[in-house]
$ cat protein_35.cif   # mmCIF, C-alpha atoms
data_input
#
loop_
_atom_site.group_PDB
_atom_site.id
_atom_site.type_symbol
_atom_site.label_atom_id
_atom_site.label_comp_id
_atom_site.auth_asym_id
_atom_site.auth_seq_id
_atom_site.Cartn_x
_atom_site.Cartn_y
_atom_site.Cartn_z
ATOM 1 C CA MET A 1 0.000 0.000 0.000
ATOM 2 C CA SER A 2 1.351 3.447 -0.943
ATOM 3 C CA ASP A 3 1.654 6.251 1.605
ATOM 4 C CA LYS A 4 -1.212 8.120 -0.073
ATOM 5 C CA GLU A 5 -3.500 5.069 0.115
ATOM 6 C CA GLN A 6 -2.478 4.523 3.746
ATOM 7 C CA LEU A 7 -3.310 8.138 4.643
ATOM 8 C CA ASP A 8 -6.648 7.975 2.795
ATOM 9 C CA LEU A 9 -7.524 4.805 4.701
ATOM 10 C CA LEU A 10 -6.452 6.415 8.001
ATOM 11 C CA VAL A 11 -9.226 9.048 7.754
ATOM 12 C CA SER A 12 -11.965 6.374 7.691
ATOM 13 C CA GLN A 13 -10.172 4.337 10.381
ATOM 14 C CA TYR A 14 -9.953 7.454 12.553
ATOM 15 C CA LYS A 15 -13.721 8.019 12.251
ATOM 16 C CA GLN A 16 -14.336 4.373 13.156
ATOM 17 C CA LEU A 17 -12.010 4.678 16.181
ATOM 18 C CA LYS A 18 -13.925 7.720 17.426
ATOM 19 C CA LEU A 19 -17.257 5.871 17.002
ATOM 20 C CA GLU A 20 -16.026 2.834 18.950
ATOM 21 C CA ILE A 21 -14.471 4.919 21.750
ATOM 22 C CA GLY A 22 -17.672 7.023 21.881
ATOM 23 C CA LYS A 23 -19.637 3.886 22.869
ATOM 24 C CA ILE A 24 -17.900 3.964 26.265
ATOM 25 C CA ILE A 25 -16.479 7.487 26.687
ATOM 26 C CA VAL A 26 -18.827 10.484 26.797
ATOM 27 C CA GLY A 27 -17.247 13.729 25.554
ATOM 28 C CA GLN A 28 -13.475 14.242 26.007
ATOM 29 C CA ASP A 29 -13.097 14.583 22.209
ATOM 30 C CA GLU A 30 -10.035 16.831 22.430
ATOM 31 C CA THR A 31 -8.305 14.462 24.864
ATOM 32 C CA ILE A 32 -8.938 11.446 22.616
ATOM 33 C CA ASP A 33 -7.748 13.392 19.542
ATOM 34 C CA SER A 34 -4.547 14.349 21.380
ATOM 35 C CA LEU A 35 -3.891 10.766 22.514
ATOM 36 C CA LEU A 36 -4.384 9.374 19.003
ATOM 37 C CA THR A 37 -2.164 12.124 17.557
ATOM 38 C CA ALA A 38 0.601 11.202 20.030
ATOM 39 C CA ILE A 39 0.264 7.459 19.323
ATOM 40 C CA PHE A 40 0.489 7.941 15.556
ATOM 41 C CA GLY A 41 3.457 10.253 16.177
ATOM 42 C CA ASN A 42 5.166 7.524 18.256
ATOM 43 C CA GLY A 43 5.257 9.830 21.312
ATOM 44 C CA HIS A 44 4.214 9.677 24.959
ATOM 45 C CA CYS A 45 1.632 11.771 26.823
ATOM 46 C CA LEU A 46 1.429 13.418 30.225
ATOM 47 C CA LEU A 47 -2.194 13.870 31.299
ATOM 48 C CA LEU A 48 -3.221 16.420 33.932
ATOM 49 C CA GLY A 49 -6.630 16.010 35.510
ATOM 50 C CA VAL A 50 -8.408 15.642 38.825
ATOM 51 C CA PRO A 51 -9.511 12.135 39.945
ATOM 52 C CA GLY A 52 -12.715 10.708 38.506
ATOM 53 C CA LEU A 53 -12.455 12.029 34.931
ATOM 54 C CA ALA A 54 -12.158 8.511 33.412
ATOM 55 C CA LYS A 55 -8.453 8.689 32.563
ATOM 56 C CA THR A 56 -7.972 4.931 33.102
ATOM 57 C CA LEU A 57 -11.173 4.095 31.208
ATOM 58 C CA ILE A 58 -10.134 6.259 28.236
ATOM 59 C CA VAL A 59 -6.747 4.548 27.952
ATOM 60 C CA ASN A 60 -8.175 1.060 28.463
ATOM 61 C CA THR A 61 -10.831 1.664 25.795
ATOM 62 C CA LEU A 62 -8.175 3.063 23.469
ATOM 63 C CA SER A 63 -6.036 -0.062 23.897
ATOM 64 C CA HIS A 64 -8.998 -2.313 22.957
ATOM 65 C CA THR A 65 -9.777 -0.372 19.772
ATOM 66 C CA LEU A 66 -6.089 -0.300 18.769
ATOM 67 C CA GLY A 67 -5.510 -3.992 19.499
ATOM 68 C CA LEU A 68 -2.717 -3.297 22.007
ATOM 69 C CA THR A 69 -2.009 -4.865 25.390
ATOM 70 C CA PHE A 70 -2.649 -2.585 28.370
ATOM 71 C CA ASN A 71 -1.104 -2.364 31.848
ATOM 72 C CA ARG A 72 -1.774 0.146 34.609
ATOM 73 C CA ILE A 73 0.910 0.965 37.187
ATOM 74 C CA GLN A 74 -0.214 2.794 40.329
ATOM 75 C CA PHE A 75 2.763 4.906 41.413
ATOM 76 C CA THR A 76 3.293 5.036 45.178
ATOM 77 C CA PRO A 77 6.182 6.232 47.402
ATOM 78 C CA ASP A 78 7.358 2.638 48.027
ATOM 79 C CA LEU A 79 7.356 1.564 44.348
ATOM 80 C CA MET A 80 10.773 0.227 43.260
ATOM 81 C CA PRO A 81 12.291 0.339 39.729
ATOM 82 C CA SER A 82 12.111 -3.490 39.513
ATOM 83 C CA ASP A 83 8.343 -3.273 40.176
ATOM 84 C CA ILE A 84 8.103 -1.539 36.805
ATOM 85 C CA THR A 85 10.794 -3.134 34.647
ATOM 86 C CA GLY A 86 10.814 -6.656 36.116
ATOM 87 C CA SER A 87 13.275 -8.746 38.118
ATOM 88 C CA GLU A 88 15.184 -12.016 38.090
ATOM 89 C CA ILE A 89 13.906 -14.941 40.178
ATOM 90 C CA LEU A 90 15.355 -18.346 40.996
ATOM 91 C CA ASP A 91 13.071 -20.956 39.401
ATOM 92 C CA GLU A 92 12.442 -24.560 40.421
ATOM 93 C CA ASN A 93 15.481 -25.691 38.375
ATOM 94 C CA ARG A 94 17.677 -23.313 40.400
ATOM 95 C CA GLN A 95 18.191 -21.161 37.287
ATOM 96 C CA PHE A 96 17.768 -17.388 37.263
ATOM 97 C CA ARG A 97 14.889 -16.305 35.049
ATOM 98 C CA PHE A 98 13.805 -12.759 34.185
ATOM 99 C CA VAL A 99 10.146 -12.024 34.939
ATOM 100 C CA LYS A 100 8.952 -9.066 32.872
ATOM 101 C CA GLY A 101 7.316 -6.172 34.693
ATOM 102 C CA PRO A 102 4.169 -4.231 33.701
ATOM 103 C CA ILE A 103 6.223 -1.911 31.459
ATOM 104 C CA PHE A 104 6.092 -4.701 28.834
ATOM 105 C CA ALA A 105 2.780 -3.686 27.245
ATOM 106 C CA GLY A 106 1.672 -1.788 24.164
ATOM 107 C CA ILE A 107 0.024 0.937 26.264
ATOM 108 C CA VAL A 108 1.166 1.635 29.824
ATOM 109 C CA LEU A 109 -0.782 3.918 32.160
ATOM 110 C CA ALA A 110 1.583 5.386 34.768
ATOM 111 C CA ASP A 111 -0.980 6.617 37.293
ATOM 112 C CA GLU A 112 0.133 9.587 39.431
ATOM 113 C CA ILE A 113 3.754 9.413 38.317
ATOM 114 C CA ASN A 114 4.714 12.249 40.691
ATOM 115 C CA ARG A 115 3.875 10.116 43.764
ATOM 116 C CA THR A 116 6.991 7.944 43.401
ATOM 117 C CA PRO A 117 10.652 8.883 44.154
ATOM 118 C CA PRO A 118 12.995 10.092 41.360
ATOM 119 C CA LYS A 119 14.842 6.733 41.119
ATOM 120 C CA THR A 120 11.642 4.924 40.156
ATOM 121 C CA GLN A 121 10.524 7.767 37.863
ATOM 122 C CA ALA A 122 13.894 7.509 36.094
ATOM 123 C CA ALA A 123 13.417 3.765 35.462
ATOM 124 C CA LEU A 124 10.172 4.458 33.602
ATOM 125 C CA LEU A 125 11.541 7.456 31.713
ATOM 126 C CA GLU A 126 14.628 5.515 30.603
ATOM 127 C CA ALA A 127 12.397 2.766 29.203
ATOM 128 C CA MET A 128 10.318 5.424 27.405
ATOM 129 C CA GLN A 129 13.391 6.967 25.786
ATOM 130 C CA GLU A 130 15.360 3.822 24.936
ATOM 131 C CA ARG A 131 12.312 1.560 24.394
ATOM 132 C CA ARG A 132 14.212 -1.266 26.083
ATOM 133 C CA VAL A 133 15.019 -2.546 29.571
ATOM 134 C CA THR A 134 18.406 -3.790 30.778
ATOM 135 C CA ALA A 135 18.521 -6.221 33.701
ATOM 136 C CA HIS A 136 21.676 -7.998 34.937
ATOM 137 C CA GLY A 137 23.534 -7.303 31.698
ATOM 138 C CA THR A 138 20.761 -8.505 29.387
ATOM 139 C CA THR A 139 18.731 -6.125 27.239
ATOM 140 C CA TYR A 140 15.038 -6.762 26.593
ATOM 141 C CA SER A 141 13.161 -4.863 23.894
ATOM 142 C CA LEU A 142 9.774 -3.369 24.733
ATOM 143 C CA PRO A 143 6.750 -4.082 22.506
ATOM 144 C CA SER A 144 6.321 -2.041 19.360
ATOM 145 C CA PRO A 145 4.365 0.201 19.235
ATOM 146 C CA PHE A 146 4.942 1.319 22.822
ATOM 147 C CA PHE A 147 3.069 4.230 24.373
ATOM 148 C CA VAL A 148 3.198 5.619 27.931
ATOM 149 C CA LEU A 149 0.429 7.773 29.353
ATOM 150 C CA ALA A 150 1.460 9.281 32.690
ATOM 151 C CA THR A 151 -1.116 11.060 34.849
ATOM 152 C CA GLN A 152 -0.674 13.758 37.461
ATOM 153 C CA ASN A 153 -3.219 15.122 39.920
ATOM 154 C CA PRO A 154 -2.950 18.952 39.778
ATOM 155 C CA ILE A 155 -4.566 19.448 43.225
ATOM 156 C CA GLU A 156 -2.792 17.427 45.922
ATOM 157 C CA GLN A 157 0.912 18.231 45.871
ATOM 158 C CA GLU A 158 1.738 16.994 49.397
ATOM 159 C CA GLY A 159 4.055 13.986 49.415
ATOM 160 C CA THR A 160 4.824 14.244 45.697
ATOM 161 C CA TYR A 161 8.078 14.283 43.721
ATOM 162 C CA PRO A 162 7.484 16.663 40.788
ATOM 163 C CA LEU A 163 9.103 15.608 37.518
ATOM 164 C CA PRO A 164 12.179 17.733 36.646
ATOM 165 C CA GLU A 165 12.005 19.727 33.403
ATOM 166 C CA ALA A 166 14.555 17.412 31.726
ATOM 167 C CA GLN A 167 12.271 14.430 32.364
ATOM 168 C CA LEU A 168 9.109 16.284 31.402
ATOM 169 C CA ASP A 169 10.787 16.928 28.036
ATOM 170 C CA ARG A 170 10.512 13.184 27.244
ATOM 171 C CA PHE A 171 6.750 13.578 26.814
ATOM 172 C CA MET A 172 5.526 14.655 23.399
ATOM 173 C CA PHE A 173 2.261 16.136 24.736
ATOM 174 C CA ASN A 174 0.980 17.520 28.014
ATOM 175 C CA VAL A 175 -2.814 17.237 27.839
ATOM 176 C CA ARG A 176 -5.250 18.832 30.299
ATOM 177 C CA LEU A 177 -8.456 16.963 31.052
ATOM 178 C CA ASP A 178 -11.433 19.225 31.789
ATOM 179 C CA TYR A 179 -14.681 18.580 33.632
ATOM 180 C CA PRO A 180 -17.564 17.378 31.422
ATOM 181 C CA THR A 181 -20.390 19.712 30.436
ATOM 182 C CA LEU A 182 -23.796 19.426 32.170
ATOM 183 C CA ASP A 183 -25.305 17.332 29.345
ATOM 184 C CA GLU A 184 -22.228 15.095 29.202
ATOM 185 C CA GLU A 185 -22.272 14.535 32.964
ATOM 186 C CA VAL A 186 -25.976 13.609 32.897
ATOM 187 C CA GLN A 187 -25.217 11.090 30.128
ATOM 188 C CA ILE A 188 -22.222 9.715 32.069
ATOM 189 C CA VAL A 189 -24.364 9.133 35.176
ATOM 190 C CA LYS A 190 -27.111 7.393 33.142
ATOM 191 C CA GLN A 191 -24.555 5.232 31.349
ATOM 192 C CA THR A 192 -22.452 4.194 34.351
ATOM 193 C CA THR A 193 -25.113 3.480 36.977
ATOM 194 C CA VAL A 194 -26.532 0.454 35.175
ATOM 195 C CA ALA A 195 -24.928 -2.889 34.319
ATOM 196 C CA PRO A 196 -22.506 -2.387 31.384
ATOM 197 C CA THR A 197 -23.688 -3.956 28.130
ATOM 198 C CA THR A 198 -21.649 -2.165 25.467
ATOM 199 C CA LYS A 199 -18.442 -3.645 24.072
ATOM 200 C CA VAL A 200 -15.967 -1.914 21.781
ATOM 201 C CA ASN A 201 -14.597 -3.527 18.635
ATOM 202 C CA GLN A 202 -10.982 -3.569 17.566
ATOM 203 C CA VAL A 203 -10.350 -1.206 14.637
ATOM 204 C CA LEU A 204 -6.564 -1.381 14.178
ATOM 205 C CA SER A 205 -3.751 -3.822 14.987
ATOM 206 C CA ALA A 206 -0.173 -3.224 16.150
ATOM 207 C CA GLU A 207 1.013 -3.783 12.546
ATOM 208 C CA ASP A 208 -1.512 -1.212 11.259
ATOM 209 C CA ILE A 209 -0.261 1.375 13.770
ATOM 210 C CA LEU A 210 3.392 0.812 12.819
ATOM 211 C CA SER A 211 2.486 1.162 9.136
ATOM 212 C CA ILE A 212 0.556 4.400 9.847
ATOM 213 C CA GLN A 213 3.484 5.784 11.885
ATOM 214 C CA GLN A 214 5.876 5.108 8.994
ATOM 215 C CA SER A 215 3.579 6.703 6.394
ATOM 216 C CA ILE A 216 3.114 9.813 8.561
ATOM 217 C CA SER A 217 6.877 10.102 9.174
ATOM 218 C CA ARG A 218 7.399 10.280 5.396
ATOM 219 C CA MET A 219 4.891 13.112 4.881
ATOM 220 C CA PRO A 220 6.620 16.077 3.174
ATOM 221 C CA VAL A 221 6.797 19.307 5.184
ATOM 222 C CA ALA A 222 7.345 22.664 3.443
ATOM 223 C CA ASP A 223 10.327 24.762 4.561
ATOM 224 C CA ASN A 224 8.080 27.652 5.618
ATOM 225 C CA VAL A 225 6.139 25.299 7.969
ATOM 226 C CA VAL A 226 9.382 24.084 9.579
ATOM 227 C CA GLU A 227 10.513 27.708 9.963
ATOM 228 C CA HIS A 228 7.161 28.627 11.524
ATOM 229 C CA ALA A 229 7.544 25.822 14.109
ATOM 230 C CA VAL A 230 11.143 26.779 14.924
ATOM 231 C CA GLN A 231 10.290 30.496 15.204
ATOM 232 C CA LEU A 232 7.412 29.675 17.557
ATOM 233 C CA VAL A 233 9.731 27.690 19.837
ATOM 234 C CA ARG A 234 12.470 30.333 19.674
ATOM 235 C CA SER A 235 9.954 32.997 20.690
ATOM 236 C CA THR A 236 9.702 31.264 24.090
ATOM 237 C CA ARG A 237 13.374 32.052 24.737
ATOM 238 C CA GLY A 238 15.181 35.301 25.344
ATOM 239 C CA GLU A 239 13.254 38.489 25.981
ATOM 240 C CA ASN A 240 9.799 37.608 27.222
ATOM 241 C CA LYS A 241 8.249 39.356 30.194
ATOM 242 C CA TYR A 242 6.505 36.222 31.491
ATOM 243 C CA ILE A 243 8.964 33.367 30.748
ATOM 244 C CA SER A 244 12.013 32.516 32.814
ATOM 245 C CA TRP A 245 12.932 29.416 30.807
ATOM 246 C CA GLY A 246 11.921 28.571 27.226
ATOM 247 C CA ALA A 247 11.529 25.386 25.179
ATOM 248 C CA GLY A 248 14.446 23.468 23.665
ATOM 249 C CA PRO A 249 14.944 22.026 20.148
ATOM 250 C CA ARG A 250 12.969 18.868 21.031
ATOM 251 C CA ALA A 251 9.860 21.083 21.107
ATOM 252 C CA SER A 252 10.494 22.057 17.460
ATOM 253 C CA GLN A 253 10.809 18.384 16.518
ATOM 254 C CA TYR A 254 7.571 17.452 18.289
ATOM 255 C CA LEU A 255 5.731 20.397 16.731
ATOM 256 C CA ILE A 256 6.523 19.025 13.261
ATOM 257 C CA ILE A 257 5.750 15.397 14.233
ATOM 258 C CA GLY A 258 2.482 16.497 15.861
ATOM 259 C CA ALA A 259 1.582 18.704 12.880
ATOM 260 C CA ARG A 260 2.109 15.756 10.512
ATOM 261 C CA CYS A 261 -0.227 13.557 12.583
ATOM 262 C CA HIS A 262 -2.837 16.313 12.945
ATOM 263 C CA ALA A 263 -2.778 16.916 9.181
ATOM 264 C CA ALA A 264 -3.066 13.179 8.411
ATOM 265 C CA LEU A 265 -6.116 12.796 10.675
ATOM 266 C CA GLN A 266 -7.730 15.770 8.879
ATOM 267 C CA GLY A 267 -7.196 14.121 5.474
ATOM 268 C CA LYS A 268 -4.253 16.288 4.350
ATOM 269 C CA TYR A 269 -1.099 14.986 2.653
ATOM 270 C CA SER A 270 1.183 17.669 4.094
ATOM 271 C CA PRO A 271 0.933 19.838 7.232
ATOM 272 C CA ASP A 272 0.654 23.627 7.219
ATOM 273 C CA ALA A 273 1.103 26.354 9.849
ATOM 274 C CA GLU A 274 -2.469 25.742 11.113
ATOM 275 C CA ASP A 275 -1.525 22.170 12.021
ATOM 276 C CA VAL A 276 1.545 23.415 13.903
ATOM 277 C CA ASN A 277 -0.608 25.891 15.837
ATOM 278 C CA ALA A 278 -3.194 23.162 16.596
ATOM 279 C CA VAL A 279 -0.653 21.062 18.541
ATOM 280 C CA ALA A 280 1.431 23.955 19.937
ATOM 281 C CA ILE A 281 -0.225 24.210 23.374
ATOM 282 C CA ASN A 282 0.089 20.469 24.086
ATOM 283 C CA VAL A 283 3.737 20.465 22.950
ATOM 284 C CA LEU A 284 4.882 23.651 24.716
ATOM 285 C CA ARG A 285 2.767 23.582 27.911
ATOM 286 C CA HIS A 286 5.301 21.560 29.947
ATOM 287 C CA ARG A 287 8.407 23.041 28.336
ATOM 288 C CA ILE A 288 7.931 26.652 29.433
ATOM 289 C CA VAL A 289 8.691 27.892 32.950
ATOM 290 C CA ARG A 290 6.686 30.952 33.985
ATOM 291 C CA ASN A 291 8.342 33.667 36.047
ATOM 292 C CA TYR A 292 7.138 35.755 38.994
ATOM 293 C CA TYR A 293 5.403 38.360 36.778
ATOM 294 C CA ALA A 294 3.206 35.727 35.100
ATOM 295 C CA GLU A 295 2.211 34.186 38.430
ATOM 296 C CA ALA A 296 1.543 37.588 40.026
ATOM 297 C CA GLU A 297 -0.679 38.664 37.112
ATOM 298 C CA GLY A 298 -2.471 35.301 36.945
ATOM 299 C CA ILE A 299 -1.256 34.551 33.411
ATOM 300 C CA SER A 300 -1.152 30.812 32.679
ATOM 301 C CA THR A 301 1.289 28.986 30.425
ATOM 302 C CA ASP A 302 -1.568 28.397 27.959
ATOM 303 C CA ASP A 303 -2.245 32.156 27.829
ATOM 304 C CA ILE A 304 1.424 32.816 27.025
ATOM 305 C CA ILE A 305 1.454 30.201 24.230
ATOM 306 C CA ARG A 306 -1.758 31.565 22.679
ATOM 307 C CA LYS A 307 -0.254 35.040 22.604
ATOM 308 C CA LEU A 308 2.934 33.715 20.964
ATOM 309 C CA ILE A 309 0.859 31.902 18.303
ATOM 310 C CA GLN A 310 -0.993 35.123 17.482
#
$ encode --input "protein_35.cif" --output "structure tokens"
Amino acid sequence: MSDKEQLDLLVSQYKQLKLEIGKIIVGQDETIDSLLTAIFGNGHCLLLGVPGLAKTLIVNTLSHTLGLTFNRIQFTPDLMPSDITGSEILDENRQFRFVKGPIFAGIVLADEINRTPPKTQAALLEAMQERRVTAHGTTYSLPSPFFVLATQNPIEQEGTYPLPEAQLDRFMFNVRLDYPTLDEEVQIVKQTTVAPTTKVNQVLSAEDILSIQQSISRMPVADNVVEHAVQLVRSTRGENKYISWGAGPRASQYLIIGARCHAALQGKYSPDAEDVNAVAINVLRHRIVRNYYAEAEGISTDDIIRKLIQ
């Protein structure tokens, strides 16, 4: 199948994915769009949202429709790196055998990643970057495709270990999950207070996703679009009244990768500046450090990015 045929097929597959996910998940369209964009861009997501907004259900439903295995890791202060990556045990034949940890799945939900100490955070982030695990001198490859969704609760910060900026940079997107609207919440209550009867169907397979990722990575990008992305990132550095630390070159790379995926899902064969702008907030949100002036004036990171886009 040619890249053009693959991209044409992706548009109908994307609509089917949304229909299947919509059987279980009410609303949250932007969140689902962002997650699918990150998956097709072979990136990871950091999700910010208060408890009870169906983060686990969204990811679990997504894994069913994409035909990927799913594991959820609840991060706690006593979680050890081996609890994530796996460990060696002595079997009945008195031979050491490596038992794979929950990181060995197509989609991994790292729930409340900031509740565990830096050593354990680093074990997950290393696996995300290298897409492999090394134990006792042996290297084990993680499944392909491999996607990590890490969640953080923006309210309770007591007893947490916030991710350093260098580790936050490993995530392609930082997505904020909002409360549902009144109508959506009424529908959620009606749907979830009776015995579940709806099942979702698988739309894609792991091989389909890898093929889509390759086709998207070969999409041509005009020089002016690349320049637009780089200029947007560079505008976060240097003289800006509200920013103390701007985004690095990885932000420019993810803007182009994200723009390609956004364009492909909209039925385009090449991204434009609009596609770059569409993914800019999710890409830059966790890569900009506000200063005292922004906090004093109540200006959020999203406000700063919107102004830079304009």
$ residues_around --input "protein_35.cif" --residues "Asn60 in chain A" --least-positions-apart "4" --cutoff "7 Å" --atoms "only C-alpha atoms" --output "ChimeraX atom specification"
/A:56,64,70
$ residues_around --input "protein_35.cif" --residues "range 35-45 of chain A" --least-positions-apart "5" --cutoff "10 Å" --atoms "only C-alpha atoms" --output "VMD selection string"
chain A and resid 14 17 to 18 29 to 30 58 to 59 62 66 107 to 109 128 to 129 144 to 151 168 170 to 175 209 to 217 254 256 to 265 279 282 to 283
$ closest_residue --input "protein_35.cif" --among "A:Arg176, A:Lys268, A:Lys119, A:Lys100" --to "Met80 in chain A" --atoms "all atoms listed in the file"
A:Lys119
$ resolve_selection --input "protein_35.cif" --expression "the PyMOL selection byres ((chain A and resi 99) around 8)" --output "list in words"
Gly86, Ser87, Glu88, Ile89, Arg97, Phe98, Lys100 and Gly101 of chain A
$ atom_distance --input "protein_35.cif" --atom1 "CA of Lys23 in chain A" --atom2 "CA of Gly267 in chain A"
23.7 Å
$ resolve_selection --input "protein_35.cif" --expression "the PyMOL selection byres ((chain A and resi 198) around 12)" --output "PyMOL selection string"
chain A and resi 20-25+61+191-192+194-197+199-201
$ residues_near_point --input "protein_35.cif" --point "(-2.4, -1.6, 8.4)" --cutoff "10 Å" --atoms "only C-alpha atoms" --output "list in words"
Met1, Gln6, Leu9, Leu10, Gln13, Leu204, Ser205, Ala206, Glu207, Asp208, Ile209, Leu210, Ser211 and Ile212 of chain A
$ residues_around --input "protein_35.cif" --residues "Ile84 in chain A" --least-positions-apart "5" --cutoff "9 Å" --atoms "all atoms listed in the file" --output "JSON, numbers by chain"
{"A": [73, 79, 100, 101, 102, 103, 104, 120, 123, 124]}
$ residues_near_point --input "protein_35.cif" --point "(2.6, 17.1, 2.8)" --cutoff "7 Å" --atoms "all atoms listed in the file" --output "list in words"
Met219, Pro220, Val221, Tyr269, Ser270 and Pro271 of chain A
$ write_last_selection --input "protein_35.cif" --atoms "C-alpha atoms" --output "PDB file, in the frame of the given file"
ATOM      1  CA  MET A 219       4.891  13.112   4.881  1.00  0.00           C
ATOM      2  CA  PRO A 220       6.620  16.077   3.174  1.00  0.00           C
ATOM      3  CA  VAL A 221       6.797  19.307   5.184  1.00  0.00           C
ATOM      4  CA  TYR A 269      -1.099  14.986   2.653  1.00  0.00           C
ATOM      5  CA  SER A 270       1.183  17.669   4.094  1.00  0.00           C
ATOM      6  CA  PRO A 271       0.933  19.838   7.232  1.00  0.00           C
TER       7      PRO A 271
END
$ atom_distance --input "protein_35.cif" --atom1 "CA of Ile32 in chain A" --atom2 "CA of Ile288 in chain A"
23.7 Å
$ atom_distance --input "protein_35.cif" --atom1 "CA of Leu19 in chain A" --atom2 "CA of Ala278 in chain A"
22.3 Å
$ resolve_selection --input "protein_35.cif" --expression "the PyMOL selection byres ((chain A and resi 226-238) around 12)" --output "MDAnalysis selection string"
chainID A and resid 220:225 239:260 270:281 283:285 287:290 301 304:310
$ residues_around --input "protein_35.cif" --residues "Glu126 in chain A" --least-positions-apart "6" --cutoff "10 Å" --atoms "only C-alpha atoms" --output "VMD selection string"
chain A and resid 132 to 133 167 170
